[in-house]
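Data first, discussion second: the structure below is written as structure tokens.
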Amino acid sequence: MTRNTSEHGEERIVPMRLQKFLARAGVASRRGSENLMTAGRVRVNGEVRCEMGAKVDPLTDVVTVDGRVVRLSEQPCYLVLNKPAGYITTMSDPYGRPCVASLVPTERYPGLFAVGRLDYDTTGILLFTTDGDMGQALLHPSHHVDKHYVAMVEGTPTAEELAQLREGVELGDGPCAPAEAVVLDADDAQCAAVVHGGMPRGTSVVGITLHEGRKHQVKRMLAVVGHKVLRLHRDSFGPLELRGCAEGSWRMLDDDEVRILEGIKGDTLA
Ligand code: URA
């Protein structure tokens with residue numbers, strides 16, 4: 001919440017812009033919240049408010065989106081999930097398919113959403129937060145944080161193919177930014193999360209660091225250089241790692257991790 005100290009020294013919560021309130025409450029990013037307002041879906045004390053200058057007092061005003069009351073929680077929530085294969089990255093699915101929402105504490109933290117996405121069959125680290133601005137900052141094109149993946153692939157990429165990945169291959173939706181790519185040696189490959197119980201003959205494990213976040217990007221990049229991805233795991237997202245968090249479980253970020261993310265958010269929204 002936005003806190004101020006009055007001339008008498010007591011702490012008080014000051015009115016804030018409606019779109020900021022909605023983003024803080026985890027309803028959507030600030031831009032997404034503006035779209036909700038423009039669409040006439042947001043009311044303050046029963047009145048539709050669509051003007052961008054509208055302000056609310058979080059202590060006294062009743063804000064609703066589509067008729068549901070929205071409140072600020074004291075602290076935004078940040079956690080990472082070790083996503084198993086077989087789950088889609090969405091908070092609900094009209095077809096009833098397993099989705100990541102069932103693996104994180106959405107009851108305790110309403111408004112929790114995944115920052116970015118992993119494919120249905122991809123495993124590994126996925127950040128969740130109730131802080132809409134944080135989500136927007138981490139996915140901002142100019143601020144995309146580095147993400148490290150390990151991929152089990154058919155065949156073994158040659159030095160030339162790795163060089164192509166490092167220079168930036170062309171995908172259907174435009175050229176890729178250069179990506180770090182290495183073939184892991186046998187010992188490192190055995191420890192990679194995509195290898196459980198031995199590697200099938202004719203496969204290798206590639207470590208790849210992306211700065212972007214396009215749909216199926218790792219699979220498409222490796223396909224361009226002739227290697228089908230058989231298994232894919234993300235083991236870091238910006239400064240965050242799983243740190244022993246078991247597949248299918250989640251852990252809260254610690255204060256240091258939150259502080260680093262706040263720094264990235266501050267740079268982006270500045
Ligand atoms: N790249 C992919 O191909 N899939 C993912 O899930 C993430 C990155």
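Ordering of the structure tokens sets the chain letters (A, B, ...); residue numbers start at 1 within each chain; ligands are numbered from 1 in the order shown.
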For Ala137 (chain A): contacts at 10 Å, only C-alpha atoms, fewer than 4 positions along chain excluded, given as a list in words: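 Listing them by chain and then by number gives Ser29, Val115, Gly132, Asp133, Pro141, Ser142, His143, His144, Val145, Leu261, Glu262, Ile264, Lys265, Gly266, Asp267, Thr268 and Leu269 of chain A.
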Filtered DSSP result for region 30-237 of chain A, state strand (DSSP E or B), as a ChimeraX atom specification: /A:42-44,47-48,55-56,63-65,68-70,78-83,88,99,113-114,123-129,147-154,170-171,174-175,180-183,203-210,229-237
List all protein, DNA and RNA residues that have any atom at most 9 Å from ligand 1, counting only C-alpha atoms and all ligand atoms, and write the list as a PDB file with C-alpha atoms, in the first residue's frame.
ATOM      1  CA  ARG A 117       4.440 -19.702 -19.550  1.00  0.00           C
ATOM      2  CA  LEU A 118       5.908 -23.143 -19.975  1.00  0.00           C
ATOM      3  CA  ASP A 119       4.543 -25.647 -22.497  1.00  0.00           C
ATOM      4  CA  TYR A 120       2.317 -28.518 -21.408  1.00  0.00           C
ATOM      5  CA  ASP A 121       5.226 -30.959 -21.575  1.00  0.00           C
ATOM      6  CA  THR A 122       7.947 -28.616 -20.219  1.00  0.00           C
ATOM      7  CA  THR A 123       9.038 -28.958 -16.593  1.00  0.00           C
ATOM      8  CA  LYS A 147      16.121 -17.975 -18.653  1.00  0.00           C
ATOM      9  CA  TYR A 149      16.894 -24.403 -20.089  1.00  0.00           C
ATOM     10  CA  LEU A 210      17.418 -17.200 -23.746  1.00  0.00           C
ATOM     11  CA  GLY A 213      10.338 -15.423 -24.248  1.00  0.00           C
ATOM     12  CA  ARG A 214       8.612 -16.435 -27.469  1.00  0.00           C
ATOM     13  CA  LYS A 215       6.175 -19.286 -27.853  1.00  0.00           C
ATOM     14  CA  HIS A 216       7.915 -22.715 -28.076  1.00  0.00           C
ATOM     15  CA  GLN A 217      11.143 -20.794 -28.616  1.00  0.00           C
ATOM     16  CA  VAL A 218      13.664 -23.414 -27.476  1.00  0.00           C
ATOM     17  CA  LYS A 219      11.944 -26.189 -29.424  1.00  0.00           C
ATOM     18  CA  ARG A 220      11.730 -24.049 -32.548  1.00  0.00           C
ATOM     19  CA  MET A 221      15.343 -22.871 -32.336  1.00  0.00           C
ATOM     20  CA  LEU A 222      16.680 -26.386 -31.940  1.00  0.00           C
ATOM     21  CA  VAL A 229      13.568 -31.598 -28.465  1.00  0.00           C
ATOM     22  CA  LEU A 232      12.681 -29.670 -21.869  1.00  0.00           C
ATOM     23  CA  HIS A 233      13.266 -28.264 -18.384  1.00  0.00           C
ATOM     24  CA  ARG A 234      13.790 -24.655 -17.226  1.00  0.00           C
TER      25      ARG A 234
END
Point-to-point distance in Å for CA of Gly174 (chain A) and CA of His148 (chain A): 21.1 Å
Residue among A:Thr203, A:Thr60, A:Ser102, A:Gln19 lying closest to Asn35 (chain A), counting only C-alpha atoms: A:Gln19
Nearest residue to Gly202 (chain A) from the set A:Ile260, A:Val80, A:Leu127, A:Met152 (distances using only C-alpha atoms): A:Met152
Can you build me a table of region 161-228 of chain A residues sitting at most 12 Å from region 235-251 of chain A, with the closest atom pair per residue and its distance in Å to one decimal, using only C-alpha atoms, sorted by chain and residue number, as a tab-separated table?
residue	atom	partner	partner_atom	distance
A:Ala192	CA	A:Asp235	CA	9.3
A:Ala193	CA	A:Asp235	CA	8.3
A:Val194	CA	A:Asp235	CA	10.4
A:Gly207	CA	A:Asp235	CA	10.0
A:Ile208	CA	A:Asp235	CA	10.4
A:Thr209	CA	A:Ser236	CA	9.2
A:Leu210	CA	A:Phe237	CA	9.8
A:His211	CA	A:Gly238	CA	9.3
A:Glu212	CA	A:Gly238	CA	11.4
A:Gly213	CA	A:Phe237	CA	10.8
Which of region 21-264 of chain A DSSP labels alpha helix (DSSP H), written as an MDAnalysis selection string: chainID A and resid 21:24 30:38 132:139 159:167 186:191 217:224 255:264
Can you list, as a PDB file with C-alpha atoms, in the first residue's frame, every protein, DNA or RNA residue that comes within 8 Å of Cys50 (chain A) when you count only C-alpha atoms, leaving out same-chain residues fewer than 6 positions away?
ATOM      1  CA  GLU A  34      -6.661   0.231 -17.667  1.00  0.00           C
ATOM      2  CA  MET A  37     -11.569   0.258 -16.690  1.00  0.00           C
ATOM      3  CA  THR A  38     -12.066   1.324 -20.304  1.00  0.00           C
ATOM      4  CA  ALA A  39     -14.332  -1.674 -20.816  1.00  0.00           C
ATOM      5  CA  GLY A  40     -16.554  -0.387 -17.989  1.00  0.00           C
ATOM      6  CA  VAL A  42     -14.603  -1.516 -12.797  1.00  0.00           C
TER       7      VAL A  42
END
Nearest to Thr158 (chain A), chosen from A:Thr106, A:Gln136, A:Asp93, A:Gly226, with only C-alpha atoms counted in the distances: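 Going through A:Thr106, A:Gln136, A:Asp93, A:Gly226 one by one, the smallest distance to Thr158 (chain A) is for A:Gly226.
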Which of A:Gly172, A:Pro178, A:Ala223, A:Thr156 sits closest to Val206 (chain A) [using only C-alpha atoms]: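 For Val206 (chain A), the nearest of the candidates is A:Thr156.
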Nearest-residue call for Leu81 (chain A), choices A:Ala101, A:Ala151, A:Val63, A:Ala163, using only C-alpha atoms: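 Looking at the shortest contact to Leu81 (chain A), the residue is A:Ala101.
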Pairwise distance for CA of Met91 (chain A) and CA of Tyr78 (chain A), rounded to one decimal in Å: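 Interatomic distance, CA of Met91 (chain A) to CA of Tyr78 (chain A): 15.7 Å.
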Pick from A:Met52, A:Leu126, A:Val104, A:Ala25 nearest to Gln75 (chain A), counting only C-alpha atoms: A:Ala25
